[in-house]
Structures are given as structure tokens and as C-alpha cells.
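Enquirer: Can you keep this structure in mind? I'll have questions shortly.
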Amino acid sequence: MFSRFTSGLLFSAVVVSVVITSPLNYISELPQKPQHVHIAYGDAVTKMIITWSTVKDTNQSVVKYGIYGLNQTQSGISSKFTDGGKEKRVQYIHRVELTNLTANAYYFYIVGCADGWSEIFGFKTMPKGEDWGPSLVVIGDMGYANAQSWPRIEAEAVKGMYDALIHVGDFAYDLDKDNGKIGDAYMELIQPVAANMPYMTCVGNHENNYNFSNYRNRFNMPNDNKKMYYSFNMGPVHFISFSTEFLYFPYYGYQQIFNQYDWLEKDLMEANHPENRTRRPWIVTFGHRPMYCSNNDNDDCASDESLVRVGVPLLHIKGLEDLFYNTGVDVSLWGHEHSYERLWPVYNKEVKNGSYQFPYTNPKGVTHIITGSAGCSERHEYFRKHPAPWSAFHSSDYGYTKMRFFNKTHLTVEQVSDDQDGKIIDKFTLIKDSHGSYQ
């Protein structure tokens, strides 16, 4: 796979970013210099969203980019973001969407304006079509302090092992902490990877302060418009990101719960249109709080009736399990629990394996993966002595998940233990000869 860091210039940029000694003060010392550079896929193969911040309003948001040199220029927009803490710290978030990019090509780029430019970064665009196999790394619940798995993830990203990263909620612990300074430090921490490889996100409970304002402002996702739900396509996969937090922080408004459900239903129905499901058969969702879990804590996923799974019938709020089952979601990725757990294919608390011998071959229910153990200040979480029958494997090791889509029928998932020096502690292959509703 093409390495995103093979250029000497890019490697130097990575080293410079890593050796910053005082990230909590770094942004205030350089008010005109672009900070916190990160990228995300747009809503088409030909697009890439680039985001960064500055302390000073530079009045311009510019990306210079190109395949053979920085010979193209695209301008974007900036917005003033005031943190909700006592200091009311201000920074300016810059967003530029590059369009008409060449598929399957490597681009170099810098961001900023005449007041100050970033170092050189680079990214690779997706190939055209669906007949290629994406590789992703999936993390959850990673803080600035005790980000134990991050050095290993960064080292693997430097080798070009992944096409993109998915973060299933809970960033920095917390983005708003210390008047947003922890959020600034976290964005600097991830920049060497996130500026060179799409960093796709969903919101978690640790982002809730000030109506999720730090998350909404710092991350720009395709067609999100600050709603905190979106979808994107990647080869043979349709990915859907959504917010589980609407259900748990209703004082920010009930209507967003209904709006998101309507959008999810419409998006899944569109993905299941025969032409679309044939071209892009895999559907993978990711949200923060899981429907099921076996941890020995008080989170509602450890009960039989989690809000994400069954909703709140008294308030006519629908859960998502029936929707995902009826529309044939293949895999659901979750975080929140600071551990790893793989479920057997499941629906309504019943195991729906393909067969006794080959449980993940043509299963009759959604496969759930909980991967919330990348590392944070709240440490590990552990499990009940007697998990439910739908729990196939669990571990409290710090680590992260790898996903490799070989083609339209085969997907391999691996769990890496950072506690065990990168050992693969769990692995399975999901095989689907056909995709669609499990009804």
C-alpha cells in the first residue's frame, strides 16, 4: 500500500510535530500559524475536507496543493469559536473542501495564508469504483493523557497500513477541559496522522459540555453541517456515523432524536436500493454507546433494554436495533466501554450465527464490535463473570481494531493488544455471499 509518509519532507513534518514540548501553550505562542490540521473524506471520491485552527483571524483560509507540486489553490471559510469555559478562549476554525481531485493519487498540501503557512502534509485519494479493499484502524475513548495505543497506531500509519481512521467517540478527556487547552493538545497529538490520513469521527458523551460545541467546531465531516450524523462511501462499503448522545442529553432538544432517526432510515433505505446494494454491499455503522455489552458497570448496555437498542417507547422514540436488522446492517462499531468485546451475530438478545461451525458465514443478524480501549485517564473497564450467550470474546487490554475489506464478500477484523506489545488477541472473518435484510 502507498505510504503517506514516504517523502522526506513529510517525514520531517511528522518529527517536528511530535517533538513539541508544551502543547498546552503551543497554540497561544503562535497565533498566526495553522494548528491542529486534520482531514476527512468529502461526499465523493473527488473531495477531501481539510480543517485547521489559528488564534488570530487571518481573514483567509487557503490550501495550496498538487500531485507534482503546490500548483493549485483552493480557498474556504473560517468561523470564530469561543470555548464555553471561564476564560472564553477564542480560536478560528478554517475549513476548505478540495474538489475535482484525481482518484487514486497522492497529493501534497500546505494550509494557511500570507500570515503563516503550515508544514507540508500529504494524502492519498480513494481509487474509483467499488472493486478495491479498504483497510481501516478503529479506535474509541482515547484521551490526551494515557493515550497508550497512539504511538503504535502512528507507527503503523507511517508505514501506510491504513486508508483511514475511525474514532468512535470520546476525545481528549476532554476537548473542553482547562478552557479547551486539553482539546488543543489532543489535536496536536493526532496531527501527524490526522493531517495525512482521513480521521472520521462520531460524537461521544465526553463531548457533551456546552452543547457539544468543541466537537462540533473542531471536526468537519462530509455533509454533516454540525448535525453530528453523516455517511460516506469507501470502495464496497457504505459507512454511517451517528450520535447516540441525543438520547442521553435530551435537554439539548428532543427533536434532534427524531430528525436523526428519519435521516438514518432514509439513508439506509437508499443504501439498500438494489443497484446501490449490489455495487456497495457492505453497510457499517458507528456510534459511541453500544446496544449490548458485558461490562460490570452501570451503563445501560449491560441491561436488557438499552436506549440505543430499544429507544423510549413511552415517548415514541424508536430504538435502532430493528432498523439495523431490517435494513441488513453488516457491522456496528461502538466505543464507550473501555474494553474490547466481539459479539456473535445477534438480534433481540438472541444469537443469530450462520451455523454452529461457521458463525460468521452468512449470519442472520448484525455483528457488533465494541472497541473503546485506545487509552484514557479513566483506565480499563472489566467484565461480569458470566456474560450473556451473545458475547463471543472480550478483553480489557488497551488496544485498537483493524478492519480489512478484501472484496464484496469477505471482511477480516483483528484486535491488537497494546498491553501485549501489538499481539493480535482476536481475529475473525465475516463472509457474506449476499447482503440485505435479515428478515
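Simple scheme: letters A, B, ... for chains in C-alpha cells order, numbers from 1 for residues in each chain, numbers from 1 for ligands in the order shown.
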Taking 6 positions as the minimum chain separation for residues in the same chain, which residues sit within 10 Å of stretch 353-358 of chain A when counting only C-alpha atoms? Answer as number ranges by chain.

Expert: A: 344-346, 364-367, 390, 429-432

Enquirer: Select from stretch 111-171 of chain A everything DSSP, run on the backbone, classes as strand (DSSP E or B), then give the selection as JSON, numbers by chain.

Expert: {"A": [111, 112, 113, 116, 117, 121, 122, 123, 124, 135, 136, 137, 138, 139, 142, 143, 164, 165, 166, 167, 171]}

Enquirer: Any idea what's packed within 10 Å of A:Tyr252, counting only C-alpha atoms, ignoring anything in its chain fewer than 5 positions away? Could you give it as a PyMOL selection string?

Expert: chain A and resi 208+210-212+246-247

Enquirer: Can you tell me which residues surround stretch 110-126 of chain A at a distance of at most 7 Å, considering only C-alpha atoms, apart from same-chain residues fewer than 6 positions away, and format the answer as a PDB file with N, CA and C atoms, in the first residue's frame?

Expert:
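Now in out38.pdb:
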ATOM      1  N   ARG A   4       1.871   7.137   3.173  1.00  0.00           N
ATOM      2  CA  ARG A   4       1.563   8.557   3.217  1.00  0.00           C
ATOM      3  C   ARG A   4       2.713   9.375   3.771  1.00  0.00           C
ATOM      4  N   LEU A   9      10.250  15.290   3.142  1.00  0.00           N
ATOM      5  CA  LEU A   9       9.599  16.485   3.684  1.00  0.00           C
ATOM      6  C   LEU A   9       8.506  16.105   4.657  1.00  0.00           C
ATOM      7  N   LEU A  10       7.705  15.110   4.275  1.00  0.00           N
ATOM      8  CA  LEU A  10       6.601  14.712   5.143  1.00  0.00           C
ATOM      9  C   LEU A  10       7.130  14.076   6.412  1.00  0.00           C
ATOM     10  N   ALA A  13       8.138  16.691   8.693  1.00  0.00           N
ATOM     11  CA  ALA A  13       6.976  17.346   9.293  1.00  0.00           C
ATOM     12  C   ALA A  13       6.458  16.553  10.470  1.00  0.00           C
ATOM     13  N   GLN A  32      -0.628  33.083  14.557  1.00  0.00           N
ATOM     14  CA  GLN A  32      -0.903  33.144  13.126  1.00  0.00           C
ATOM     15  C   GLN A  32      -0.630  31.827  12.412  1.00  0.00           C
ATOM     16  N   LYS A  33       0.028  30.914  13.086  1.00  0.00           N
ATOM     17  CA  LYS A  33       0.411  29.662  12.436  1.00  0.00           C
ATOM     18  C   LYS A  33      -0.744  28.668  12.481  1.00  0.00           C
ATOM     19  N   PRO A  34      -1.016  27.989  11.384  1.00  0.00           N
ATOM     20  CA  PRO A  34      -2.050  26.952  11.386  1.00  0.00           C
ATOM     21  C   PRO A  34      -1.708  25.826  12.358  1.00  0.00           C
ATOM     22  N   VAL A  45     -15.554  10.634  -4.065  1.00  0.00           N
ATOM     23  CA  VAL A  45     -14.158  10.224  -4.194  1.00  0.00           C
ATOM     24  C   VAL A  45     -13.271  11.413  -4.533  1.00  0.00           C
ATOM     25  N   THR A  58      -7.112  35.294  10.483  1.00  0.00           N
ATOM     26  CA  THR A  58      -6.210  35.612   9.370  1.00  0.00           C
ATOM     27  C   THR A  58      -6.944  36.155   8.150  1.00  0.00           C
ATOM     28  N   GLN A  60      -8.180  34.842   5.776  1.00  0.00           N
ATOM     29  CA  GLN A  60      -8.092  33.961   4.622  1.00  0.00           C
ATOM     30  C   GLN A  60      -7.900  32.529   5.099  1.00  0.00           C
ATOM     31  N   SER A  61      -8.488  31.595   4.365  1.00  0.00           N
ATOM     32  CA  SER A  61      -8.325  30.163   4.628  1.00  0.00           C
ATOM     33  C   SER A  61      -7.971  29.515   3.301  1.00  0.00           C
ATOM     34  N   VAL A  62      -6.694  29.174   3.122  1.00  0.00           N
ATOM     35  CA  VAL A  62      -6.196  28.760   1.814  1.00  0.00           C
ATOM     36  C   VAL A  62      -5.456  27.430   1.930  1.00  0.00           C
ATOM     37  N   VAL A  63      -5.690  26.558   0.953  1.00  0.00           N
ATOM     38  CA  VAL A  63      -4.902  25.334   0.795  1.00  0.00           C
ATOM     39  C   VAL A  63      -4.184  25.398  -0.546  1.00  0.00           C
ATOM     40  N   LYS A  64      -2.876  25.223  -0.521  1.00  0.00           N
ATOM     41  CA  LYS A  64      -2.100  25.048  -1.745  1.00  0.00           C
ATOM     42  C   LYS A  64      -1.767  23.566  -1.853  1.00  0.00           C
ATOM     43  N   TYR A  65      -2.017  22.973  -3.018  1.00  0.00           N
ATOM     44  CA  TYR A  65      -1.904  21.522  -3.122  1.00  0.00           C
ATOM     45  C   TYR A  65      -1.588  21.119  -4.552  1.00  0.00           C
ATOM     46  N   ALA A 103      -8.627  10.558  -8.699  1.00  0.00           N
ATOM     47  CA  ALA A 103      -8.762   9.338  -7.902  1.00  0.00           C
ATOM     48  C   ALA A 103      -7.440   8.583  -7.839  1.00  0.00           C
ATOM     49  N   ASN A 104      -7.226   7.914  -6.705  1.00  0.00           N
ATOM     50  CA  ASN A 104      -6.067   7.037  -6.524  1.00  0.00           C
ATOM     51  C   ASN A 104      -4.755   7.775  -6.794  1.00  0.00           C
ATOM     52  N   ALA A 195      -3.521  14.643   9.730  1.00  0.00           N
ATOM     53  CA  ALA A 195      -3.267  15.561   8.613  1.00  0.00           C
ATOM     54  C   ALA A 195      -2.895  14.822   7.341  1.00  0.00           C
ATOM     55  N   ASN A 196      -2.590  13.531   7.454  1.00  0.00           N
ATOM     56  CA  ASN A 196      -2.140  12.751   6.303  1.00  0.00           C
ATOM     57  C   ASN A 196      -3.068  11.601   5.931  1.00  0.00           C
ATOM     58  N   MET A 197      -4.088  11.363   6.753  1.00  0.00           N
ATOM     59  CA  MET A 197      -4.996  10.247   6.538  1.00  0.00           C
ATOM     60  C   MET A 197      -6.368  10.645   7.088  1.00  0.00           C
TER      61      MET A 197
END

Enquirer: Would you mind telling me which residue in A:Ala157, A:Ile67, A:Ile257, A:Asp299 lies nearest to A:Gly319 when using only C-alpha atoms?

Expert: A:Ile257

Enquirer: So, with only C-alpha atoms as the atoms that count, which of A:Arg95, A:His38, A:Lys318, A:Arg279 lies closest to A:Phe258?

Expert: A:Lys318

Enquirer: Run DSSP on the backbone and give me the residues of stretch 139-205 of chain A it puts in alpha helix (DSSP H), as JSON, numbers by chain.

Expert: {"A": [150, 151, 152, 153, 154, 155, 156, 157, 158, 181, 182, 183, 184, 185, 186, 187, 188, 189, 190, 191, 192, 193, 194]}

Enquirer: In Å, how far is it from atom CA of A:Ser294 to atom CA of A:Arg384?

Expert: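 Atom-to-atom, atom CA of A:Ser294 to atom CA of A:Arg384, that is 6.1 Å.
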
Enquirer: With only C-alpha atoms as the atoms that count, which of A:Gly140, A:Pro134, A:Gly422, A:Gly375 lies nearest to A:Arg404?

Expert: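 Closest to A:Arg404, using only C-alpha atoms: A:Pro134.
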
Enquirer: Go through A:Asp83, A:Ser231, A:Asn205, A:Trp150 and flag the residue nearest A:Ile182, using only C-alpha atoms for the distances.

Expert: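 Among the listed residues, the smallest separation from A:Ile182 belongs to A:Asp83.
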
Enquirer: Calculate how many Å separate atom CA of A:His336 from atom CA of A:Thr201, rounding to one decimal.

Expert: 13.6 Å

Enquirer: Counting only C-alpha atoms, figure out which residue out of A:Tyr360, A:Tyr292, A:Tyr215, A:Phe324 gets nearest to A:Glu341.

Expert: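 Ranked by minimum distance to A:Glu341, first place goes to A:Tyr292.
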
Enquirer: So which residues touch stretch 260-263 of chain A within 9 Å, counting only C-alpha atoms, skipping near sequence neighbours fewer than 5 positions away, as a list in words?

Expert: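 These residues fall inside the cut-off: Lys227, Met228, Tyr229, Tyr230, Phe242, Ser243, Phe246, Gln255, Leu268, Ile317, Lys318, Gly319 and Leu320 of chain A.
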
Enquirer: Would you put the residues from that selection into a file with N, CA, C and O atoms, as a PDB file, in the first residue's frame?

Expert:
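File written: out21.pdb
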ATOM      1  N   LYS A 227     -24.702  18.576  12.427  1.00  0.00           N
ATOM      2  CA  LYS A 227     -25.812  17.757  12.934  1.00  0.00           C
ATOM      3  C   LYS A 227     -25.308  16.545  13.718  1.00  0.00           C
ATOM      4  O   LYS A 227     -26.054  15.916  14.429  1.00  0.00           O
ATOM      5  N   MET A 228     -24.063  16.191  13.527  1.00  0.00           N
ATOM      6  CA  MET A 228     -23.419  15.057  14.202  1.00  0.00           C
ATOM      7  C   MET A 228     -23.878  13.707  13.668  1.00  0.00           C
ATOM      8  O   MET A 228     -23.834  12.701  14.374  1.00  0.00           O
ATOM      9  N   TYR A 229     -24.331  13.663  12.430  1.00  0.00           N
ATOM     10  CA  TYR A 229     -24.564  12.392  11.746  1.00  0.00           C
ATOM     11  C   TYR A 229     -24.347  12.600  10.257  1.00  0.00           C
ATOM     12  O   TYR A 229     -24.659  13.649   9.699  1.00  0.00           O
ATOM     13  N   TYR A 230     -23.801  11.560   9.609  1.00  0.00           N
ATOM     14  CA  TYR A 230     -23.440  11.668   8.197  1.00  0.00           C
ATOM     15  C   TYR A 230     -23.129  10.270   7.682  1.00  0.00           C
ATOM     16  O   TYR A 230     -23.029   9.306   8.451  1.00  0.00           O
ATOM     17  N   PHE A 242     -23.301   8.228  13.451  1.00  0.00           N
ATOM     18  CA  PHE A 242     -24.467   8.859  14.072  1.00  0.00           C
ATOM     19  C   PHE A 242     -24.186   9.134  15.544  1.00  0.00           C
ATOM     20  O   PHE A 242     -23.189   8.650  16.115  1.00  0.00           O
ATOM     21  N   SER A 243     -25.054   9.898  16.162  1.00  0.00           N
ATOM     22  CA  SER A 243     -24.898  10.269  17.566  1.00  0.00           C
ATOM     23  C   SER A 243     -25.823   9.436  18.443  1.00  0.00           C
ATOM     24  O   SER A 243     -27.046   9.507  18.307  1.00  0.00           O
ATOM     25  N   PHE A 246     -27.800  11.972  21.591  1.00  0.00           N
ATOM     26  CA  PHE A 246     -29.090  12.668  21.592  1.00  0.00           C
ATOM     27  C   PHE A 246     -30.043  12.040  22.617  1.00  0.00           C
ATOM     28  O   PHE A 246     -30.871  12.726  23.217  1.00  0.00           O
ATOM     29  N   GLN A 255     -36.106  17.048  19.432  1.00  0.00           N
ATOM     30  CA  GLN A 255     -36.357  16.981  18.005  1.00  0.00           C
ATOM     31  C   GLN A 255     -35.194  16.369  17.237  1.00  0.00           C
ATOM     32  O   GLN A 255     -35.394  15.673  16.236  1.00  0.00           O
ATOM     33  N   LEU A 268     -30.386   4.494   5.068  1.00  0.00           N
ATOM     34  CA  LEU A 268     -30.310   3.032   4.958  1.00  0.00           C
ATOM     35  C   LEU A 268     -31.191   2.489   3.832  1.00  0.00           C
ATOM     36  O   LEU A 268     -30.807   1.539   3.140  1.00  0.00           O
ATOM     37  N   ILE A 317     -39.999   7.233  20.970  1.00  0.00           N
ATOM     38  CA  ILE A 317     -38.640   7.276  20.451  1.00  0.00           C
ATOM     39  C   ILE A 317     -38.216   5.844  20.107  1.00  0.00           C
ATOM     40  O   ILE A 317     -38.185   4.970  20.976  1.00  0.00           O
ATOM     41  N   LYS A 318     -37.910   5.617  18.857  1.00  0.00           N
ATOM     42  CA  LYS A 318     -37.590   4.272  18.399  1.00  0.00           C
ATOM     43  C   LYS A 318     -36.127   3.939  18.664  1.00  0.00           C
ATOM     44  O   LYS A 318     -35.244   4.786  18.558  1.00  0.00           O
ATOM     45  N   GLY A 319     -35.877   2.680  19.017  1.00  0.00           N
ATOM     46  CA  GLY A 319     -34.519   2.185  19.083  1.00  0.00           C
ATOM     47  C   GLY A 319     -33.995   1.850  17.700  1.00  0.00           C
ATOM     48  O   GLY A 319     -34.737   1.874  16.708  1.00  0.00           O
ATOM     49  N   LEU A 320     -32.695   1.510  17.637  1.00  0.00           N
ATOM     50  CA  LEU A 320     -32.065   1.306  16.336  1.00  0.00           C
ATOM     51  C   LEU A 320     -31.907  -0.160  15.944  1.00  0.00           C
ATOM     52  O   LEU A 320     -31.596  -0.454  14.796  1.00  0.00           O
TER      53      LEU A 320
END

Enquirer: Which neighbours of A:Phe393 fall inside 10 Å, counting only C-alpha atoms, when residues of the same chain fewer than 3 positions from it are skipped, and could you give them as a VMD selection string?

Expert: chain A and resid 340 to 344 369 387 390 425 to 427

Enquirer: Could those residues be written to a file, using N, CA and C atoms, as a short mmCIF file (atom, residue, chain, number, x, y, z; two decimals), in the first residue's frame?

Expert:
data_model
loop_
_atom_site.label_atom_id
_atom_site.label_comp_id
_atom_site.auth_asym_id
_atom_site.auth_seq_id
_atom_site.Cartn_x
_atom_site.Cartn_y
_atom_site.Cartn_z
N TYR A 340 -12.57 -4.23 24.96
CA TYR A 340 -12.91 -4.76 23.64
C TYR A 340 -13.88 -5.92 23.83
N GLU A 341 -14.92 -5.96 23.00
CA GLU A 341 -15.83 -7.10 23.03
C GLU A 341 -16.36 -7.37 21.64
N ARG A 342 -16.30 -8.64 21.26
CA ARG A 342 -16.89 -9.09 20.00
C ARG A 342 -18.13 -9.91 20.32
N LEU A 343 -19.20 -9.61 19.62
CA LEU A 343 -20.44 -10.36 19.81
C LEU A 343 -20.64 -11.37 18.70
N TRP A 344 -21.35 -12.46 19.00
CA TRP A 344 -21.88 -13.27 17.92
C TRP A 344 -22.94 -12.45 17.19
N ILE A 369 -19.12 -4.87 17.34
CA ILE A 369 -17.76 -4.79 17.86
C ILE A 369 -17.67 -3.56 18.76
N PRO A 387 -20.94 -13.63 31.23
CA PRO A 387 -21.56 -12.84 30.16
C PRO A 387 -22.72 -13.58 29.52
N TRP A 390 -24.66 -14.11 23.88
CA TRP A 390 -24.27 -13.41 22.66
C TRP A 390 -22.85 -12.85 22.70
N ILE A 425 -4.98 -10.39 19.49
CA ILE A 425 -5.61 -11.24 20.51
C ILE A 425 -6.98 -11.77 20.06
N ASP A 426 -7.50 -11.24 18.96
CA ASP A 426 -8.77 -11.74 18.44
C ASP A 426 -8.82 -11.48 16.95
N LYS A 427 -9.39 -12.42 16.22
CA LYS A 427 -9.48 -12.28 14.77
C LYS A 427 -10.63 -13.12 14.26
#

Enquirer: Skipping near chain neighbours, those fewer than 4 positions away, what residues fall within 9 Å of A:Val96 using only C-alpha atoms, listed as a list in words?

Expert: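 Neighbouring residues, sequence-local ones excluded: Met48, Ile49, Ile50, Thr51, Ser61, Val62, Val63, Gln74, Ser75, Gly76, Ile77 and Ser78 of chain A.
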
Enquirer: By how many Å are atom CA of A:Ser437 and atom CA of A:Arg289 apart?

Expert: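 Separation of atom CA of A:Ser437 and atom CA of A:Arg289: 23.3 Å.
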
Enquirer: For each of A:Gly143, A:Pro363, A:Gly69, A:Pro290, take the minimum atom-to-atom distance to A:Val310, counting only C-alpha atoms, then give the residue where this is smallest.

Expert: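 Answer, going by the shortest atom-to-atom distance: A:Pro290.
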